$ cat protein11.cif   # mmCIF, C-alpha atoms
data_final
#
loop_
_atom_site.label_atom_id
_atom_site.label_comp_id
_atom_site.auth_asym_id
_atom_site.auth_seq_id
_atom_site.Cartn_x
_atom_site.Cartn_y
_atom_site.Cartn_z
CA MET A 1 -1.56 -19.62 20.05
CA LYS A 2 -0.53 -18.05 16.72
CA ALA A 3 -3.05 -15.80 14.98
CA THR A 4 -4.40 -16.98 11.63
CA LYS A 5 -2.57 -16.02 8.44
CA THR A 6 -5.13 -13.37 7.59
CA VAL A 7 -4.65 -9.69 6.83
CA LEU A 8 -7.04 -7.03 8.04
CA ILE A 9 -6.77 -3.59 6.45
CA THR A 10 -8.71 -0.41 7.20
CA ARG A 11 -9.29 1.91 4.26
CA PRO A 12 -11.45 4.88 5.17
CA ASN A 13 -11.86 7.48 2.44
CA HIS A 14 -13.53 10.45 4.08
CA ASP A 15 -10.97 13.11 3.14
CA LYS A 16 -8.13 13.67 0.71
CA GLY A 17 -5.45 11.97 2.81
CA THR A 18 -7.44 8.84 3.52
CA THR A 19 -8.62 8.71 -0.10
CA TYR A 20 -5.02 8.60 -1.24
CA LEU A 21 -4.27 5.79 1.20
CA TYR A 22 -7.47 4.01 0.12
CA HIS A 23 -6.31 3.84 -3.50
CA TRP A 24 -2.65 3.19 -2.81
CA SER A 25 -3.55 0.29 -0.49
CA GLU A 26 -5.14 -1.64 -3.34
CA ALA A 27 -1.69 -2.96 -4.23
CA ILE A 28 -1.42 -4.48 -0.74
CA ILE A 29 -4.75 -6.28 -1.13
CA THR A 30 -3.78 -7.53 -4.59
CA SER A 31 -0.49 -8.87 -3.28
CA ALA A 32 -2.13 -10.72 -0.38
CA LYS A 33 -4.76 -12.26 -2.66
CA ALA A 34 -2.05 -13.36 -5.10
CA LYS A 35 -0.45 -15.26 -2.20
CA ARG A 36 -3.88 -16.71 -1.33
CA ILE A 37 -3.86 -14.91 2.00
CA PRO A 38 -7.40 -13.98 3.12
CA VAL A 39 -7.96 -10.23 3.28
CA LEU A 40 -10.48 -8.49 5.50
CA ASP A 41 -11.00 -5.16 3.77
CA LEU A 42 -12.65 -2.63 6.08
CA SER A 43 -13.05 -0.03 3.38
CA LYS A 44 -14.90 3.27 3.34
CA ASN A 45 -17.44 3.49 6.17
CA LYS A 46 -16.77 -0.12 7.19
CA ALA A 47 -13.59 1.19 8.83
CA ASN A 48 -15.45 1.52 12.13
CA ILE A 49 -15.10 0.06 15.61
CA LYS A 50 -18.04 -2.31 15.25
CA TYR A 51 -16.60 -4.07 12.20
CA LEU A 52 -13.04 -3.94 13.54
CA GLU A 53 -13.88 -5.66 16.82
CA SER A 54 -16.14 -8.19 15.13
CA TYR A 55 -13.63 -9.13 12.44
CA ILE A 56 -10.72 -9.36 14.88
CA LYS A 57 -12.66 -11.63 17.21
CA LYS A 58 -14.02 -13.82 14.43
CA HIS A 59 -10.99 -14.08 12.13
CA ASP A 60 -7.99 -13.43 14.40
CA PRO A 61 -5.84 -11.67 11.76
CA ALA A 62 -2.08 -11.96 12.15
CA LEU A 63 -1.42 -8.66 10.35
CA ILE A 64 -3.43 -5.47 10.72
CA ILE A 65 -2.78 -2.44 8.52
CA PHE A 66 -4.33 0.80 9.69
CA ASN A 67 -4.68 3.50 7.08
CA ALA A 68 -5.82 6.29 9.25
CA HIS A 69 -5.44 9.49 11.09
CA GLY A 70 -4.02 9.12 14.52
CA ALA A 71 -2.50 10.73 17.53
CA GLN A 72 -0.16 9.56 20.25
CA THR A 73 -2.85 7.50 21.97
CA ILE A 74 -5.35 6.71 19.21
CA ILE A 75 -5.80 5.26 15.75
CA CYS A 76 -8.89 6.36 13.87
CA GLY A 77 -11.16 5.06 11.15
CA TYR A 78 -13.88 6.47 8.95
CA ASP A 79 -14.83 10.03 9.86
CA ASN A 80 -12.09 9.91 12.49
CA GLU A 81 -13.99 7.51 14.74
CA THR A 82 -11.56 6.10 17.30
CA LEU A 83 -10.72 2.48 16.55
CA ILE A 84 -7.92 1.79 19.01
CA GLU A 85 -7.26 3.85 22.11
CA ALA A 86 -4.50 3.49 24.66
CA ASN A 87 -5.64 2.01 27.97
CA LYS A 88 -9.02 1.14 26.47
CA ASN A 89 -8.76 -1.56 23.83
CA GLU A 90 -5.15 -1.94 22.72
CA ASP A 91 -5.47 -5.57 23.83
CA LEU A 92 -7.23 -6.14 20.47
CA LEU A 93 -3.73 -5.92 18.99
CA LYS A 94 -2.32 -8.72 21.17
CA GLY A 95 -0.36 -11.33 19.27
CA ARG A 96 -0.53 -9.42 15.99
CA ILE A 97 1.78 -7.52 13.68
CA ILE A 98 0.60 -3.95 13.24
CA TYR A 99 1.44 -1.38 10.60
CA ALA A 100 -0.12 1.95 11.52
CA ARG A 101 0.13 4.34 8.60
CA CYS A 102 -0.91 7.35 10.64
CA CYS A 103 0.54 10.17 12.68
CA ASP A 104 2.12 9.83 16.10
CA ALA A 105 0.64 6.49 17.21
CA ALA A 106 4.01 4.78 17.65
CA ASP A 107 4.92 7.32 20.32
CA VAL A 108 2.52 6.12 23.02
CA LEU A 109 -0.10 3.66 21.73
CA GLY A 110 2.49 1.58 19.86
CA LYS A 111 4.70 1.17 22.93
CA LEU A 112 1.72 0.36 25.13
CA SER A 113 0.37 -2.22 22.68
CA ILE A 114 3.74 -4.01 22.74
CA LYS A 115 3.66 -4.07 26.54
CA LYS A 116 0.17 -5.55 26.28
CA GLY A 117 1.31 -8.30 23.94
CA ALA A 118 1.21 -7.03 20.35
CA LYS A 119 3.95 -8.79 18.44
CA THR A 120 5.29 -5.91 16.39
CA PHE A 121 4.16 -2.34 15.85
CA ILE A 122 5.58 -0.44 12.89
CA GLY A 123 4.43 3.16 12.74
CA TYR A 124 5.36 6.81 13.10
CA LYS A 125 6.32 8.56 16.32
CA ARG A 126 5.56 12.01 14.87
CA LYS A 127 3.39 13.32 12.03
CA PHE A 128 3.29 11.29 8.81
CA TRP A 129 3.61 13.84 6.00
CA LEU A 130 2.13 12.99 2.62
CA VAL A 131 2.97 15.30 -0.26
CA THR A 132 0.75 15.30 -3.33
CA SER A 133 0.29 17.10 -6.60
CA PRO A 134 -2.72 19.46 -6.67
CA PHE A 135 -3.26 18.41 -10.31
CA LYS A 136 -3.72 14.73 -9.53
CA SER A 137 -6.27 14.87 -6.69
CA THR A 138 -8.85 12.93 -8.69
CA ARG A 139 -6.28 10.35 -9.83
CA PRO A 140 -4.20 9.49 -6.76
CA LEU A 141 -2.49 6.53 -8.41
CA ALA A 142 -1.13 8.80 -11.16
CA ASP A 143 0.40 11.21 -8.63
CA GLU A 144 4.19 11.01 -9.14
CA ILE A 145 4.90 13.00 -5.99
CA ALA A 146 2.68 10.91 -3.72
CA LYS A 147 4.24 7.81 -5.30
CA LEU A 148 7.60 8.78 -3.81
CA PHE A 149 6.01 8.57 -0.34
CA LEU A 150 3.51 5.76 -0.68
CA GLU A 151 5.44 3.14 -2.62
CA PRO A 152 8.08 2.87 0.15
CA SER A 153 5.34 2.96 2.78
CA ASN A 154 3.54 0.08 1.06
CA LEU A 155 6.74 -1.95 1.28
CA VAL A 156 6.11 -2.50 5.00
CA PRO A 157 3.00 -4.66 4.56
CA LEU A 158 4.06 -5.99 1.14
CA THR A 159 7.31 -7.37 2.56
CA ILE A 160 5.53 -9.00 5.49
CA ILE A 161 2.97 -10.54 3.13
CA LYS A 162 5.87 -12.04 1.17
CA GLY A 163 6.87 -13.91 4.30
CA LYS A 164 9.80 -11.74 5.35
CA THR A 165 10.48 -10.54 8.89
CA THR A 166 9.18 -7.31 10.33
CA ALA A 167 12.78 -6.00 10.47
CA GLU A 168 13.17 -6.62 6.75
CA ALA A 169 9.86 -4.90 6.11
CA HIS A 170 10.84 -1.83 8.10
CA ASN A 171 14.33 -1.69 6.58
CA ARG A 172 13.17 -2.21 2.99
CA SER A 173 10.70 0.60 3.46
CA LYS A 174 13.32 2.94 4.94
CA ASN A 175 15.87 2.09 2.25
CA ALA A 176 13.29 2.78 -0.44
CA MET A 177 12.55 6.15 1.18
CA LEU A 178 16.27 6.92 1.21
CA ARG A 179 16.61 5.99 -2.47
CA ASN A 180 13.70 8.28 -3.26
CA LEU A 181 15.30 10.99 -1.15
CA SER A 182 18.48 10.69 -3.25
CA PHE A 183 16.38 11.04 -6.38
CA MET A 184 14.66 14.08 -4.91
CA PHE A 185 18.06 15.76 -4.43
CA SER A 186 19.06 15.03 -8.02
CA THR A 187 18.69 17.17 -11.11
CA LYS A 188 16.33 14.53 -12.50
CA ALA A 189 13.70 15.56 -9.93
CA SER A 190 11.23 18.35 -10.66
CA GLN A 191 11.24 21.43 -8.45
CA ALA A 192 8.14 20.10 -6.70
CA GLN A 193 9.80 16.74 -6.04
CA ARG A 194 12.95 18.47 -4.74
CA ASP A 195 10.88 20.65 -2.40
CA ALA A 196 9.13 17.57 -1.04
CA ALA A 197 12.46 16.11 0.15
CA LYS A 198 12.27 17.62 3.63
CA TYR A 199 8.94 15.92 4.30
CA MET A 200 10.42 12.60 3.16
CA TRP A 201 13.38 13.08 5.52
CA TYR A 202 11.04 13.66 8.43
CA ASN A 203 9.09 10.47 7.68
CA ILE A 204 12.35 8.50 7.45
CA GLN A 205 13.43 9.74 10.87
CA ASN A 206 10.11 8.96 12.47
CA GLN A 207 9.22 5.52 11.12
CA VAL A 208 9.98 3.07 13.92
CA ILE A 209 9.67 -0.62 14.65
CA LEU A 210 8.64 -1.71 18.14
CA GLY A 211 8.51 -5.22 19.59
CA GLU A 212 9.69 -8.34 17.76
CA ASP A 213 11.79 -7.58 14.71
CA GLN A 214 11.94 -11.20 13.57
CA ALA A 215 8.20 -11.73 13.50
CA THR A 216 6.67 -13.17 10.36
CA LEU A 217 3.15 -13.65 9.09
CA MET B 1 22.85 37.35 31.38
CA THR B 2 19.63 38.13 33.21
CA ASN B 3 16.48 36.04 32.75
CA LYS B 4 14.84 38.96 30.95
CA THR B 5 17.74 39.17 28.50
CA LYS B 6 17.69 35.39 28.00
CA ASN B 7 13.95 35.49 27.26
CA GLN B 8 14.42 38.34 24.81
CA SER B 9 17.24 36.43 23.09
CA GLN B 10 15.07 33.32 22.83
CA GLU B 11 12.16 35.34 21.43
CA SER B 12 14.46 36.94 18.90
CA LEU B 13 15.83 33.52 17.90
CA ASP B 14 12.32 32.09 17.59
CA GLU B 15 11.36 35.01 15.37
CA ASP B 16 14.43 34.46 13.19
CA ILE B 17 13.61 30.78 12.85
CA LYS B 18 10.01 31.58 11.94
CA ASN B 19 11.14 34.05 9.29
CA LEU B 20 13.64 31.56 7.89
CA VAL B 21 10.95 28.89 7.57
CA ILE B 22 8.57 31.35 5.93
CA GLU B 23 11.17 32.44 3.38
CA ARG B 24 12.00 28.81 2.58
CA LEU B 25 8.31 28.06 2.08
CA LYS B 26 7.91 31.11 -0.18
CA ALA B 27 10.78 29.88 -2.34
CA SER B 28 9.28 26.39 -2.70
CA SER B 29 7.17 25.07 -5.54
CA ASP B 30 3.50 26.09 -5.93
CA GLU B 31 2.79 22.59 -7.20
CA LEU B 32 2.66 20.82 -3.88
CA GLU B 33 -0.17 20.00 -1.55
CA ILE B 34 0.82 18.79 1.90
CA ILE B 35 -1.38 16.40 3.86
CA VAL B 36 -0.69 16.22 7.58
CA GLY B 37 -2.83 13.61 9.26
CA ASP B 38 -6.15 14.94 10.44
CA LEU B 39 -4.87 18.52 10.43
CA GLY B 40 -5.89 18.53 6.78
CA ASP B 41 -4.40 19.30 3.36
CA TYR B 42 -2.55 22.53 2.72
CA SER B 43 -1.03 24.63 -0.01
CA LYS B 44 2.21 26.51 0.39
CA GLU B 45 0.27 29.66 1.26
CA ASP B 46 -1.68 27.82 3.97
CA LEU B 47 1.56 26.62 5.56
CA ILE B 48 3.01 30.12 5.49
CA LYS B 49 -0.09 31.51 7.23
CA SER B 50 0.12 28.79 9.89
CA VAL B 51 3.77 29.50 10.57
CA GLU B 52 3.00 33.21 10.84
CA LYS B 53 0.12 32.50 13.26
CA GLY B 54 2.12 29.99 15.27
CA ASP B 55 -0.75 27.50 15.39
CA GLU B 56 -0.39 23.71 15.80
CA LEU B 57 0.33 23.14 12.13
CA GLY B 58 2.75 26.06 12.07
CA LYS B 59 4.74 24.60 14.94
CA GLU B 60 4.86 21.21 13.21
CA VAL B 61 6.14 22.85 10.03
CA ILE B 62 8.86 24.70 11.93
CA GLU B 63 9.94 21.52 13.70
CA MET B 64 10.02 19.58 10.47
CA GLU B 65 11.94 22.28 8.61
CA MET B 66 14.51 22.77 11.38
CA SER B 67 15.01 19.02 11.71
CA TYR B 68 15.81 18.92 8.00
CA LEU B 69 18.18 21.90 8.05
CA LYS B 70 19.97 20.53 11.10
CA ALA B 71 20.44 17.18 9.38
CA ILE B 72 21.90 18.89 6.32
CA ALA B 73 24.23 21.02 8.45
CA GLU B 74 25.42 17.95 10.36
CA GLY B 75 25.93 15.98 7.16
CA LYS B 76 23.43 13.33 8.29
CA ILE B 77 21.37 13.35 5.14
CA TYR B 78 24.25 12.78 2.76
CA SER B 79 25.80 10.07 4.93
CA GLN B 80 22.69 7.81 4.76
#
$ encode --input "protein11.cif" --output "structure tokens"
Amino acid sequence: MKATKTVLITRPNHDKGTTYLYHWSEAIITSAKAKRIPVLDLSKNKANIKYLESYIKKHDPALIIFNAHGAQTIICGYDNETLIEANKNEDLLKGRIIYARCCDAADVLGKLSIKKGAKTFIGYKRKFWLVTSPFKSTRPLADEIAKLFLEPSNLVPLTIIKGKTTAEAHNRSKNAMLRNLSFMFSTKASQAQRDAAKYMWYNIQNQVILGEDQATL
Amino acid sequence: MTNKTKNQSQESLDEDIKNLVIERLKASSDELEIIVGDLGDYSKEDLIKSVEKGDELGKEVIEMEMSYLKAIAEGKIYSQ
């Protein structure tokens, strides 16, 4: 039975990295609401296992976006509480499209979740590097360096919300990263933006799509 | 080549790689802060210290840097 056309997003904000993702994810929520797609926003300290399990069971979201820290076998929430752990509760992801914006999770947890019935898992098989400007910490959305990383990353869920396939979402995101990489090599980029290119390259190499590539919301 | 010589060669190579990464970091902009998952957020100086120490972050930085340099040398980046 197909999951409901609902989006669940976790947005902890307990450190600088998650705070950046918290703010940059607002565009995803806005886009879903504009398409009249219900959004379950587990923001701040609501990004915990109790709310996650409850909302998944009650609302059966078709798309889950994890903004989080992670490791090969776990995805975390607020204060790095484990939300999903391999061989413990990855069955919560069954039948769903997952975008895990966190380190390493695609390497083990992502593959296992597909074996256990998750539809698609888009994530990173190594560290997800986010480069920011030290002068924009209090205004993440004005950070022109972080923008190079997070706008392409947002394209994964934004493309799925627009009704496109998971392959298109993954490819649009990667192509946007490559365009930004070209800019970062150019003379139009600042020194800081040019020096951030290597981190962008690493993210491009390590973003992967597992499972069904023709899945849609 | 004996095992001892091979180990010494590898150690020497590792040291060269570490020094290369450190010099590249020193030459990079001061206006960057790098966030690496739950390892935290770091300035250029923090990354240099980690590479020198050889801690978890330092190893990640070396891997990332060498992956990038290898891709440039092989022409992979420009062919994308």
$ residues_around --input "protein11.cif" --residues "B:Leu32" --least-positions-apart "5" --cutoff "12 Å" --atoms "all atoms listed in the file" --output "list in words"
Leu130, Val131, Thr132, Ser133, Pro134, Phe135, Lys136, Ser137, Asp143, Glu144, Ile145, Ala146, Ser190, Gln191, Ala192, Gln193, Arg194, Asp195, Ala196, Ala197 and Tyr199 of chain A; Leu25, Asp41, Tyr42, Ser43, Lys44, Glu45, Asp46 and Leu47 of chain B
$ write_last_selection --input "protein11.cif" --atoms "C-alpha atoms" --output "PDB file, in the coordinates of the input"
ATOM      1  CA  LEU A 130       2.130  12.990   2.620  1.00  0.00           C
ATOM      2  CA  VAL A 131       2.970  15.300  -0.260  1.00  0.00           C
ATOM      3  CA  THR A 132       0.750  15.300  -3.330  1.00  0.00           C
ATOM      4  CA  SER A 133       0.290  17.100  -6.600  1.00  0.00           C
ATOM      5  CA  PRO A 134      -2.720  19.460  -6.670  1.00  0.00           C
ATOM      6  CA  PHE A 135      -3.260  18.410 -10.310  1.00  0.00           C
ATOM      7  CA  LYS A 136      -3.720  14.730  -9.530  1.00  0.00           C
ATOM      8  CA  SER A 137      -6.270  14.870  -6.690  1.00  0.00           C
ATOM      9  CA  ASP A 143       0.400  11.210  -8.630  1.00  0.00           C
ATOM     10  CA  GLU A 144       4.190  11.010  -9.140  1.00  0.00           C
ATOM     11  CA  ILE A 145       4.900  13.000  -5.990  1.00  0.00           C
ATOM     12  CA  ALA A 146       2.680  10.910  -3.720  1.00  0.00           C
ATOM     13  CA  SER A 190      11.230  18.350 -10.660  1.00  0.00           C
ATOM     14  CA  GLN A 191      11.240  21.430  -8.450  1.00  0.00           C
ATOM     15  CA  ALA A 192       8.140  20.100  -6.700  1.00  0.00           C
ATOM     16  CA  GLN A 193       9.800  16.740  -6.040  1.00  0.00           C
ATOM     17  CA  ARG A 194      12.950  18.470  -4.740  1.00  0.00           C
ATOM     18  CA  ASP A 195      10.880  20.650  -2.400  1.00  0.00           C
ATOM     19  CA  ALA A 196       9.130  17.570  -1.040  1.00  0.00           C
ATOM     20  CA  ALA A 197      12.460  16.110   0.150  1.00  0.00           C
ATOM     21  CA  TYR A 199       8.940  15.920   4.300  1.00  0.00           C
TER      22      TYR A 199
ATOM     23  CA  LEU B  25       8.310  28.060   2.080  1.00  0.00           C
ATOM     24  CA  ASP B  41      -4.400  19.300   3.360  1.00  0.00           C
ATOM     25  CA  TYR B  42      -2.550  22.530   2.720  1.00  0.00           C
ATOM     26  CA  SER B  43      -1.030  24.630  -0.010  1.00  0.00           C
ATOM     27  CA  LYS B  44       2.210  26.510   0.390  1.00  0.00           C
ATOM     28  CA  GLU B  45       0.270  29.660   1.260  1.00  0.00           C
ATOM     29  CA  ASP B  46      -1.680  27.820   3.970  1.00  0.00           C
ATOM     30  CA  LEU B  47       1.560  26.620   5.560  1.00  0.00           C
TER      31      LEU B  47
END
$ closest_atom_pairs --input "protein11.cif" --of "chain B" --to "chain A" --cutoff "9 Å" --atoms "all atoms listed in the file" --output "CSV"
residue,atom,partner,partner_atom,distance
B:Ser28,CA,A:Asp195,CA,6.0
B:Ser29,CA,A:Ala192,CA,5.2
B:Asp30,CA,A:Ala192,CA,7.6
B:Glu31,CA,A:Ala192,CA,5.9
B:Leu32,CA,A:Ser133,CA,5.2
B:Glu33,CA,A:Thr132,CA,5.1
B:Ile34,CA,A:Val131,CA,4.6
B:Ile35,CA,A:Leu130,CA,5.0
B:Val36,CA,A:Trp129,CA,5.2
B:Gly37,CA,A:His69,CA,5.2
B:Asp38,CA,A:His69,CA,5.5
B:Gly40,CA,A:Gly17,CA,7.7
B:Asp41,CA,A:Lys16,CA,7.3
B:Ser43,CA,A:Pro134,CA,8.6
B:Glu60,CA,A:Lys127,CA,8.1
B:Met64,CA,A:Tyr202,CA,6.3
B:Glu65,CA,A:Lys198,CA,6.8
B:Ser67,CA,A:Tyr202,CA,7.4
B:Tyr68,CA,A:Lys198,CA,5.8
B:Leu69,CA,A:Lys198,CA,8.5
B:Ile77,CA,A:Trp201,CA,8.0
B:Tyr78,CA,A:Ser182,CA,8.6
B:Gln80,CA,A:Leu178,CA,7.4
$ resolve_selection --input "protein11.cif" --expression "the PyMOL selection byres ((chain A and resi 111) around 10)" --output "ChimeraX atom specification"
/A:73,86,105-110,112-116,118,120-121,209-211
$ residues_around --input "protein11.cif" --residues "A:Gly123" --least-positions-apart "5" --cutoff "6 Å" --atoms "all atoms listed in the file" --output "ChimeraX atom specification"
/A:99-100,106,207-208
$ resolve_selection --input "protein11.cif" --expression "the PyMOL selection byres ((chain A and resi 163) around 12)" --output "PyMOL selection string"
chain A and resi 5+31-32+35+37+63+156-162+164-169+214-217
$ atom_distance --input "protein11.cif" --atom1 "atom CA of B:Val51" --atom2 "atom CA of B:Asn19"
8.8 Å
$ resolve_selection --input "protein11.cif" --expression "the PyMOL selection byres ((chain A and resi 96) around 8)" --output "PyMOL selection string"
chain A and resi 3+61-64+93-95+97-98+118-120
$ atom_distance --input "protein11.cif" --atom1 "atom CA of A:Leu141" --atom2 "atom CA of B:Lys26"
27.9 Å
$ atom_distance --input "protein11.cif" --atom1 "atom CA of A:Asn154" --atom2 "atom CA of A:Ile65"
10.1 Å
$ residues_around --input "protein11.cif" --residues "A:Ile29" --least-positions-apart "6" --cutoff "9 Å" --atoms "all atoms listed in the file" --output "ChimeraX atom specification"
/A:7,9,39,41
$ closest_residue --input "protein11.cif" --among "A:Glu85, A:Glu53, A:Glu26, A:Asp91" --to "A:Asn67" --atoms "only C-alpha atoms"
A:Glu26
$ decode --input "protein11.cif" --residues "stretch 48-77 of chain A" --atoms "N, CA and C atoms" --output "JSON list (two decimals), in the first residue's frame"
[["chain", "number", "residue", "atom", "x", "y", "z"],
["A", 48, "ASN", "N", 13.12, 14.20, 17.75],
["A", 48, "ASN", "CA", 13.51, 13.12, 18.66],
["A", 48, "ASN", "C", 12.77, 11.84, 18.29],
["A", 49, "ILE", "N", 13.20, 10.73, 18.86],
["A", 49, "ILE", "CA", 12.69, 9.42, 18.46],
["A", 49, "ILE", "C", 11.20, 9.29, 18.78],
["A", 50, "LYS", "N", 10.78, 9.88, 19.86],
["A", 50, "LYS", "CA", 9.38, 9.74, 20.28],
["A", 50, "LYS", "C", 8.45, 10.35, 19.23],
["A", 51, "TYR", "N", 8.76, 11.58, 18.82],
["A", 51, "TYR", "CA", 7.93, 12.24, 17.80],
["A", 51, "TYR", "C", 8.07, 11.54, 16.45],
["A", 52, "LEU", "N", 9.29, 11.13, 16.12],
["A", 52, "LEU", "CA", 9.51, 10.50, 14.81],
["A", 52, "LEU", "C", 8.65, 9.24, 14.67],
["A", 53, "GLU", "N", 8.75, 8.37, 15.65],
["A", 53, "GLU", "CA", 7.99, 7.11, 15.58],
["A", 53, "GLU", "C", 6.48, 7.39, 15.55],
["A", 54, "SER", "N", 6.06, 8.30, 16.39],
["A", 54, "SER", "CA", 4.63, 8.61, 16.48],
["A", 54, "SER", "C", 4.11, 9.18, 15.16],
["A", 55, "TYR", "N", 4.84, 10.11, 14.59],
["A", 55, "TYR", "CA", 4.38, 10.76, 13.36],
["A", 55, "TYR", "C", 4.41, 9.79, 12.17],
["A", 56, "ILE", "N", 5.43, 8.94, 12.15],
["A", 56, "ILE", "CA", 5.52, 7.97, 11.05],
["A", 56, "ILE", "C", 4.34, 7.01, 11.12],
["A", 57, "LYS", "N", 4.06, 6.53, 12.31],
["A", 57, "LYS", "CA", 2.97, 5.55, 12.47],
["A", 57, "LYS", "C", 1.62, 6.19, 12.19],
["A", 58, "LYS", "N", 1.46, 7.43, 12.62],
["A", 58, "LYS", "CA", 0.14, 8.06, 12.47],
["A", 58, "LYS", "C", -0.10, 8.59, 11.05],
["A", 59, "HIS", "N", 0.96, 9.17, 10.43],
["A", 59, "HIS", "CA", 0.74, 9.89, 9.18],
["A", 59, "HIS", "C", 1.32, 9.20, 7.94],
["A", 60, "ASP", "N", 2.17, 8.20, 8.14],
["A", 60, "ASP", "CA", 2.70, 7.39, 7.04],
["A", 60, "ASP", "C", 3.30, 8.26, 5.91],
["A", 61, "PRO", "N", 4.28, 9.09, 6.22],
["A", 61, "PRO", "CA", 4.82, 10.00, 5.19],
["A", 61, "PRO", "C", 5.54, 9.25, 4.07],
["A", 62, "ALA", "N", 5.33, 9.73, 2.84],
["A", 62, "ALA", "CA", 5.98, 9.10, 1.70],
["A", 62, "ALA", "C", 7.42, 9.56, 1.55],
["A", 63, "LEU", "N", 7.71, 10.78, 2.02],
["A", 63, "LEU", "CA", 9.05, 11.34, 1.90],
["A", 63, "LEU", "C", 9.53, 11.78, 3.28],
["A", 64, "ILE", "N", 10.71, 11.33, 3.66],
["A", 64, "ILE", "CA", 11.31, 11.78, 4.92],
["A", 64, "ILE", "C", 12.65, 12.43, 4.61],
["A", 65, "ILE", "N", 12.83, 13.64, 5.14],
["A", 65, "ILE", "CA", 14.09, 14.36, 4.97],
["A", 65, "ILE", "C", 14.73, 14.47, 6.35],
["A", 66, "PHE", "N", 15.91, 13.89, 6.47],
["A", 66, "PHE", "CA", 16.65, 13.97, 7.73],
["A", 66, "PHE", "C", 17.73, 15.03, 7.59],
["A", 67, "ASN", "N", 17.62, 16.06, 8.38],
["A", 67, "ASN", "CA", 18.72, 17.03, 8.50],
["A", 67, "ASN", "C", 19.40, 16.66, 9.80],
["A", 68, "ALA", "N", 20.64, 16.19, 9.70],
["A", 68, "ALA", "CA", 21.12, 15.53, 10.91],
["A", 68, "ALA", "C", 22.62, 15.33, 10.86],
["A", 69, "HIS", "N", 23.12, 14.89, 11.98],
["A", 69, "HIS", "CA", 24.41, 14.23, 11.99],
["A", 69, "HIS", "C", 24.17, 12.75, 11.81],
["A", 70, "GLY", "N", 25.19, 12.06, 11.37],
["A", 70, "GLY", "CA", 25.00, 10.64, 11.17],
["A", 70, "GLY", "C", 26.33, 9.91, 11.16],
["A", 71, "ALA", "N", 26.21, 8.63, 11.02],
["A", 71, "ALA", "CA", 27.38, 7.78, 10.86],
["A", 71, "ALA", "C", 26.94, 6.64, 9.96],
["A", 72, "GLN", "N", 27.80, 5.68, 9.75],
["A", 72, "GLN", "CA", 27.48, 4.62, 8.80],
["A", 72, "GLN", "C", 26.19, 3.88, 9.17],
["A", 73, "THR", "N", 25.92, 3.73, 10.47],
["A", 73, "THR", "CA", 24.78, 2.93, 10.88],
["A", 73, "THR", "C", 23.68, 3.72, 11.58],
["A", 74, "ILE", "N", 23.82, 5.03, 11.69],
["A", 74, "ILE", "CA", 22.81, 5.81, 12.41],
["A", 74, "ILE", "C", 22.52, 7.15, 11.75],
["A", 75, "ILE", "N", 21.29, 7.62, 12.02],
["A", 75, "ILE", "CA", 20.91, 8.99, 11.70],
["A", 75, "ILE", "C", 20.43, 9.59, 13.02],
["A", 76, "CYS", "N", 20.87, 10.82, 13.29],
["A", 76, "CYS", "CA", 20.58, 11.42, 14.60],
["A", 76, "CYS", "C", 19.59, 12.57, 14.49],
["A", 77, "GLY", "N", 19.14, 13.00, 15.66],
["A", 77, "GLY", "CA", 18.24, 14.14, 15.75],
["A", 77, "GLY", "C", 18.80, 15.19, 16.68]]
